[in-house]
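Structure file work_33.cif with mmCIF, C-alpha atoms:
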data_input
#
loop_
_atom_site.label_atom_id
_atom_site.label_comp_id
_atom_site.auth_asym_id
_atom_site.auth_seq_id
_atom_site.Cartn_x
_atom_site.Cartn_y
_atom_site.Cartn_z
CA MET A 1369 33.24 73.15 83.28
CA GLU A 1370 32.28 71.84 86.71
CA VAL A 1371 28.76 70.44 87.12
CA ILE A 1372 27.03 71.95 90.16
CA LYS A 1373 25.70 69.34 92.58
CA GLN A 1374 22.80 69.66 94.95
CA ASP A 1375 25.02 69.47 98.04
CA GLN A 1376 26.96 72.52 96.77
CA VAL A 1377 23.70 74.45 96.55
CA GLN A 1378 22.35 73.16 99.87
CA GLU A 1379 25.41 74.32 101.80
CA LYS A 1380 24.85 77.88 100.55
CA ILE A 1381 21.20 78.11 101.65
CA ILE A 1382 20.84 80.16 104.83
CA ILE A 1383 17.84 81.45 106.74
CA ILE A 1384 17.37 85.21 107.02
CA ARG A 1385 14.07 86.85 108.01
CA ASN A 1386 12.59 83.36 108.32
CA GLN A 1387 13.22 82.69 104.62
CA LYS A 1388 15.58 80.28 102.91
CA VAL A 1389 17.89 82.41 100.78
CA ILE A 1390 21.25 82.44 99.03
CA VAL A 1391 23.29 85.67 99.14
CA ASP A 1392 24.50 87.25 95.92
CA ALA A 1393 28.18 86.29 96.36
CA ASP A 1394 27.22 82.63 96.77
CA VAL A 1395 24.80 82.80 93.82
CA ALA A 1396 27.68 84.18 91.75
CA LYS A 1397 29.96 81.31 92.82
CA LEU A 1398 27.31 78.77 91.84
CA TYR A 1399 26.86 80.40 88.43
CA GLY A 1400 30.60 80.88 87.92
CA VAL A 1401 30.40 84.65 87.47
CA GLU A 1402 31.40 87.74 89.44
CA THR A 1403 28.95 89.03 92.06
CA LYS A 1404 28.65 92.31 90.17
CA ARG A 1405 27.26 90.40 87.16
CA ILE A 1406 24.45 88.98 89.31
CA ASN A 1407 23.67 92.43 90.69
CA GLU A 1408 23.78 93.96 87.18
CA ALA A 1409 21.24 91.38 85.99
CA VAL A 1410 18.91 92.46 88.81
CA LYS A 1411 19.51 96.17 88.20
CA ASN A 1412 18.84 95.80 84.46
CA ASN A 1413 15.61 93.82 85.03
CA PRO A 1414 13.87 95.42 88.04
CA ASP A 1415 10.41 94.38 86.84
CA LYS A 1416 11.40 90.71 87.18
CA PHE A 1417 12.22 91.04 90.90
CA PRO A 1418 9.14 92.28 92.78
CA ASP A 1419 8.83 92.14 96.58
CA GLY A 1420 9.49 88.66 97.91
CA TYR A 1421 12.03 87.74 95.23
CA LEU A 1422 15.05 89.31 96.86
CA PHE A 1423 16.01 91.80 99.54
CA GLU A 1424 19.08 93.69 100.64
CA LEU A 1425 20.50 92.63 103.98
CA ASN A 1426 20.70 95.31 106.64
CA LYS A 1427 23.97 95.99 108.50
CA LYS A 1428 22.95 93.92 111.51
CA GLU A 1429 22.11 90.87 109.34
CA TRP A 1430 25.34 91.27 107.37
CA ASN A 1431 27.49 91.57 110.51
CA SER A 1432 25.81 88.50 111.96
CA LEU A 1433 26.52 86.53 108.78
CA LYS A 1434 30.14 87.65 108.66
CA SER A 1435 30.70 86.44 112.21
CA LYS A 1436 28.99 83.07 111.63
CA PHE A 1437 30.60 82.36 108.27
CA SER A 1438 33.87 84.21 108.53
CA THR A 1439 35.68 81.64 106.41
CA SER A 1440 33.30 81.73 103.46
CA ILE A 1441 31.84 85.24 103.36
CA LYS A 1442 34.33 88.05 102.87
CA GLY A 1443 34.01 91.20 104.93
CA GLY A 1444 35.31 93.76 102.45
CA LYS A 1445 32.00 94.54 100.71
CA VAL A 1446 31.00 98.18 100.32
CA LYS A 1447 27.43 97.40 99.21
CA LEU A 1448 25.29 95.29 101.50
CA PRO A 1449 24.61 91.86 99.99
CA THR A 1450 21.40 90.92 98.27
CA ALA A 1451 19.60 87.78 99.44
CA PHE A 1452 17.74 85.82 96.77
CA THR A 1453 14.66 83.86 97.79
CA GLU A 1454 13.70 80.73 95.92
CA LYS A 1455 11.44 82.77 93.60
CA GLY A 1456 14.25 85.27 92.98
CA LEU A 1457 16.63 82.49 92.05
CA TYR A 1458 14.11 81.08 89.58
CA MET A 1459 13.66 84.51 88.02
CA LEU A 1460 17.42 85.04 87.83
CA ALA A 1461 17.58 81.81 85.85
CA THR A 1462 15.42 83.37 83.15
CA ILE A 1463 17.96 86.16 82.70
CA LEU A 1464 21.29 84.31 82.80
CA LYS A 1465 21.95 82.44 79.58
CA SER A 1466 24.69 79.83 79.48
CA GLN A 1467 25.12 76.09 79.89
CA THR A 1468 26.52 76.66 83.40
CA ALA A 1469 23.51 78.84 84.25
CA THR A 1470 21.13 76.11 83.09
CA GLU A 1471 22.89 73.37 85.07
CA THR A 1472 23.14 75.57 88.16
CA THR A 1473 19.46 76.47 87.93
CA LEU A 1474 18.51 72.80 87.74
CA ALA A 1475 20.60 72.06 90.85
CA ILE A 1476 19.00 75.00 92.69
CA ILE A 1477 15.47 73.91 91.77
CA GLU A 1478 16.13 70.30 92.77
CA THR A 1479 17.67 71.35 96.08
CA PHE A 1480 14.91 73.75 97.12
CA THR A 1481 12.28 71.17 96.10
CA LYS A 1482 13.91 68.46 98.23
CA VAL A 1483 14.39 70.78 101.23
CA ARG A 1484 10.70 71.77 101.06
CA GLU A 1485 9.62 68.14 100.65
CA LEU A 1486 11.82 67.04 103.55
CA GLY A 1487 10.19 69.59 105.86
CA HIS A 1488 6.74 68.43 104.76
CA VAL A 1489 7.54 64.73 105.23
CA ILE A 1490 9.04 65.25 108.70
CA THR A 1491 5.99 67.26 109.79
CA GLN A 1492 3.68 64.58 108.43
CA MET A 1493 5.70 61.79 110.09
CA GLN A 1494 5.32 63.38 113.55
CA THR A 1495 1.52 63.12 113.37
CA LEU A 1496 1.46 59.37 112.72
CA PRO A 1497 1.43 56.56 115.29
CA GLU A 1498 4.90 55.26 116.09
CA ASN A 1499 6.00 52.25 114.01
CA SER A 1500 2.94 52.43 111.76
CA PRO A 1501 3.46 51.30 108.15
CA LYS A 1502 2.89 54.86 106.89
CA GLN A 1503 5.44 56.27 109.37
CA LYS A 1504 8.00 53.65 108.32
CA SER A 1505 7.38 54.50 104.66
CA LEU A 1506 7.82 58.22 105.36
CA MET A 1507 11.01 57.50 107.36
CA GLU A 1508 12.41 55.65 104.39
CA HIS A 1509 11.49 58.55 102.11
CA THR A 1510 13.09 60.98 104.58
CA GLY A 1511 16.30 58.96 104.44
CA ASP A 1512 16.30 59.13 100.65
CA LEU A 1513 15.79 62.90 100.68
CA ILE A 1514 18.50 63.50 103.27
CA ALA A 1515 20.91 61.29 101.38
CA ASP A 1516 20.20 63.17 98.16
CA LEU A 1517 20.81 66.49 99.89
CA ILE A 1518 23.87 65.85 102.03
CA VAL A 1519 25.57 62.70 100.83
CA PRO A 1520 26.71 63.06 97.22
CA GLU A 1521 26.30 59.77 95.37
CA ASP A 1522 29.95 59.71 94.34
CA GLU A 1523 30.95 59.83 98.03
CA LEU A 1524 28.82 56.87 99.11
CA GLU A 1525 30.68 53.69 99.92
CA VAL A 1526 29.80 51.16 97.23
CA THR A 1527 30.32 47.41 97.45
CA GLY A 1528 29.26 45.70 94.26
CA THR A 1529 25.78 46.97 93.55
CA GLU A 1530 24.90 47.88 97.12
CA THR A 1531 25.41 51.15 98.98
CA THR A 1532 24.84 51.61 102.71
CA TYR A 1533 24.74 54.75 104.79
CA GLU A 1534 23.69 55.40 108.35
CA MET A 1535 22.64 58.71 109.90
CA ASN A 1536 21.72 59.55 113.49
CA PHE A 1537 19.43 62.43 114.37
CA ALA A 1538 18.10 63.60 117.71
CA ILE A 1539 14.62 62.26 116.91
CA PHE A 1540 15.38 59.14 114.93
CA LYS A 1541 18.07 57.00 113.36
CA ILE A 1542 18.03 56.12 109.68
CA LYS A 1543 19.82 53.17 108.19
CA ARG A 1544 19.27 52.60 104.49
CA THR A 1545 20.64 50.27 101.90
CA ILE A 1546 20.46 51.29 98.27
CA LYS A 1547 20.75 48.61 95.62
CA LYS A 1548 21.88 49.93 92.30
CA SER A 1549 20.88 48.26 89.09
CA LYS A 1550 23.19 48.38 86.11
#
Using structure tokens, write down the structure from this file.
Amino acid sequence: MEVIKQDQVQEKIIIIRNQKVIVDADVAKLYGVETKRINEAVKNNPDKFPDGYLFELNKKEWNSLKSKFSTSIKGGKVKLPTAFTEKGLYMLATILKSQTATETTLAIIETFTKVRELGHVITQMQTLPENSPKQKSLMEHTGDLIADLIVPEDELEVTGTETTYEMNFAIFKIKRTIKKSK
């Protein structure tokens, strides 16, 4: 059994209707089941998925996704995909019962939490005076969050007990060193 990592979840999050969502086929891949099993869980538990928990993509949204992600999203679907919001994914976790489901749910929760926190920290950082101690502290925290989301720990270059990574963004550059204790 493969343990789901946060970067695997993060790469499946897309924005549709100004919401961060994961489409049913990608949810199924994360949980290691067929897409129809995810949709059956929703169909069999309609009371657990009120408005705001999921929505069906319209043809225009689906065609746009197929053209943007032609390598990862297959075009042969008859039924339009369902998009799960963060709340819908949490509710789905209460229905699916397996060790894989539990581990996947934990990765999903951690990822959405870090994405939300990253947005909050970046917004907060922009309001502070440049090079202030608080801004520097928030920049450091931003680097940690970004590293957690997009640089899996097992892919970081490690020398002894020290790990270094460097990232350049349009607004700022982050260079962090992580010292691991045994």
Practice task
Could you jot down the atom CA of A:Asn1431 to atom CA of A:Leu1448 separation for me, Å, one decimal place?
Solution key: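 These two atoms are separated by 10.0 Å.
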Practice task
In Å, rounded to a single decimal, give me how far atom CA of A:Trp1430 is from atom CA of A:Thr1403.
Solution key: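 Separation between atom CA of A:Thr1403 and atom CA of A:Trp1430: 15.9 Å.
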Exercise for the section: Using only C-alpha atoms, pick whichever of A:Ser1500, A:Glu1402, A:Pro1449, A:Leu1474 has the shortest atom-to-atom distance to A:Val1377. Expected result: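 Ranked by minimum distance to A:Val1377, first place goes to A:Leu1474.
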Problem - Atom-to-atom span, atom CA of A:Ala1475 and atom CA of A:Gln1376, Å - result: 8.7 Å
Problem - Proximity to A:Ala1393 - best of A:Met1493, A:Val1410, A:Ile1514, A:Ala1451, all atoms listed in the file - result: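 Of the candidates, the smallest distance to A:Ala1393 is held by A:Ala1451.
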Handout entry: Contact residues around stretch 1452-1454 of chain A with all atoms listed in the file at 6 Å, ignoring same-chain residues under 5 positions, as a PyMOL selection string
Key = chain A and resi 1389-1390+1421-1422
Since the input lacks some atoms of stretch 1487-1511 of chain A, please model N, CA, C and O atoms and print them as a compact mmCIF listing (two decimals), keeping the file's coordinate frame.
# COMPACT_ATOMS: atom_id res chain seq x y z
N GLY A 1487 10.92 68.94 104.77
CA GLY A 1487 10.19 69.59 105.86
C GLY A 1487 8.76 69.08 105.95
O GLY A 1487 8.24 68.80 107.04
N HIS A 1488 8.12 68.92 104.80
CA HIS A 1488 6.74 68.43 104.76
C HIS A 1488 6.65 66.99 105.27
O HIS A 1488 5.77 66.65 106.06
N VAL A 1489 7.56 66.14 104.84
CA VAL A 1489 7.54 64.73 105.23
C VAL A 1489 7.80 64.58 106.74
O VAL A 1489 7.13 63.80 107.41
N ILE A 1490 8.74 65.34 107.27
CA ILE A 1490 9.04 65.25 108.70
C ILE A 1490 7.83 65.71 109.52
O ILE A 1490 7.47 65.08 110.51
N THR A 1491 7.18 66.77 109.10
CA THR A 1491 5.99 67.26 109.79
C THR A 1491 4.88 66.21 109.75
O THR A 1491 4.23 65.92 110.76
N GLN A 1492 4.70 65.61 108.60
CA GLN A 1492 3.68 64.58 108.43
C GLN A 1492 3.99 63.35 109.29
O GLN A 1492 3.11 62.77 109.91
N MET A 1493 5.27 62.98 109.35
CA MET A 1493 5.70 61.79 110.09
C MET A 1493 5.41 61.93 111.59
O MET A 1493 5.06 60.96 112.25
N GLN A 1494 5.53 63.15 112.12
CA GLN A 1494 5.32 63.38 113.55
C GLN A 1494 3.87 63.20 113.97
O GLN A 1494 3.59 63.00 115.15
N THR A 1495 2.94 63.24 113.04
CA THR A 1495 1.52 63.12 113.37
C THR A 1495 1.04 61.67 113.33
O THR A 1495 -0.09 61.40 113.72
N LEU A 1496 1.88 60.77 112.87
CA LEU A 1496 1.46 59.37 112.72
C LEU A 1496 1.83 58.54 113.94
O LEU A 1496 2.80 58.84 114.64
N PRO A 1497 1.08 57.45 114.18
CA PRO A 1497 1.43 56.56 115.29
C PRO A 1497 2.81 55.94 115.07
O PRO A 1497 3.19 55.61 113.94
N GLU A 1498 3.55 55.81 116.17
CA GLU A 1498 4.90 55.26 116.09
C GLU A 1498 4.88 53.84 115.53
O GLU A 1498 4.02 53.03 115.88
N ASN A 1499 5.81 53.55 114.65
CA ASN A 1499 6.00 52.25 114.01
C ASN A 1499 4.85 51.83 113.10
O ASN A 1499 4.73 50.66 112.75
N SER A 1500 4.00 52.77 112.71
CA SER A 1500 2.94 52.43 111.76
C SER A 1500 3.56 52.26 110.38
O SER A 1500 4.63 52.79 110.10
N PRO A 1501 2.92 51.50 109.51
CA PRO A 1501 3.46 51.30 108.15
C PRO A 1501 3.69 52.62 107.41
O PRO A 1501 4.69 52.80 106.73
N LYS A 1502 2.76 53.56 107.57
CA LYS A 1502 2.89 54.86 106.89
C LYS A 1502 4.10 55.62 107.45
O LYS A 1502 4.85 56.23 106.68
N GLN A 1503 4.30 55.58 108.78
CA GLN A 1503 5.44 56.27 109.37
C GLN A 1503 6.75 55.64 108.88
O GLN A 1503 7.70 56.34 108.55
N LYS A 1504 6.79 54.32 108.81
CA LYS A 1504 8.00 53.65 108.32
C LYS A 1504 8.28 54.03 106.86
O LYS A 1504 9.42 54.26 106.48
N SER A 1505 7.22 54.11 106.06
CA SER A 1505 7.38 54.50 104.66
C SER A 1505 7.91 55.93 104.56
O SER A 1505 8.81 56.22 103.76
N LEU A 1506 7.36 56.83 105.38
CA LEU A 1506 7.82 58.22 105.36
C LEU A 1506 9.26 58.33 105.88
O LEU A 1506 10.03 59.15 105.38
N MET A 1507 9.62 57.50 106.87
CA MET A 1507 11.01 57.50 107.36
C MET A 1507 11.97 57.09 106.26
O MET A 1507 13.04 57.67 106.10
N GLU A 1508 11.59 56.10 105.50
CA GLU A 1508 12.41 55.65 104.39
C GLU A 1508 12.57 56.77 103.35
O GLU A 1508 13.66 57.04 102.86
N HIS A 1509 11.46 57.44 103.06
CA HIS A 1509 11.49 58.55 102.11
C HIS A 1509 12.36 59.69 102.65
O HIS A 1509 13.11 60.31 101.89
N THR A 1510 12.26 59.95 103.95
CA THR A 1510 13.09 60.98 104.58
C THR A 1510 14.56 60.65 104.41
O THR A 1510 15.37 61.51 104.08
N GLY A 1511 14.91 59.40 104.62
CA GLY A 1511 16.30 58.96 104.44
C GLY A 1511 16.79 59.19 103.02
O GLY A 1511 17.91 59.66 102.81
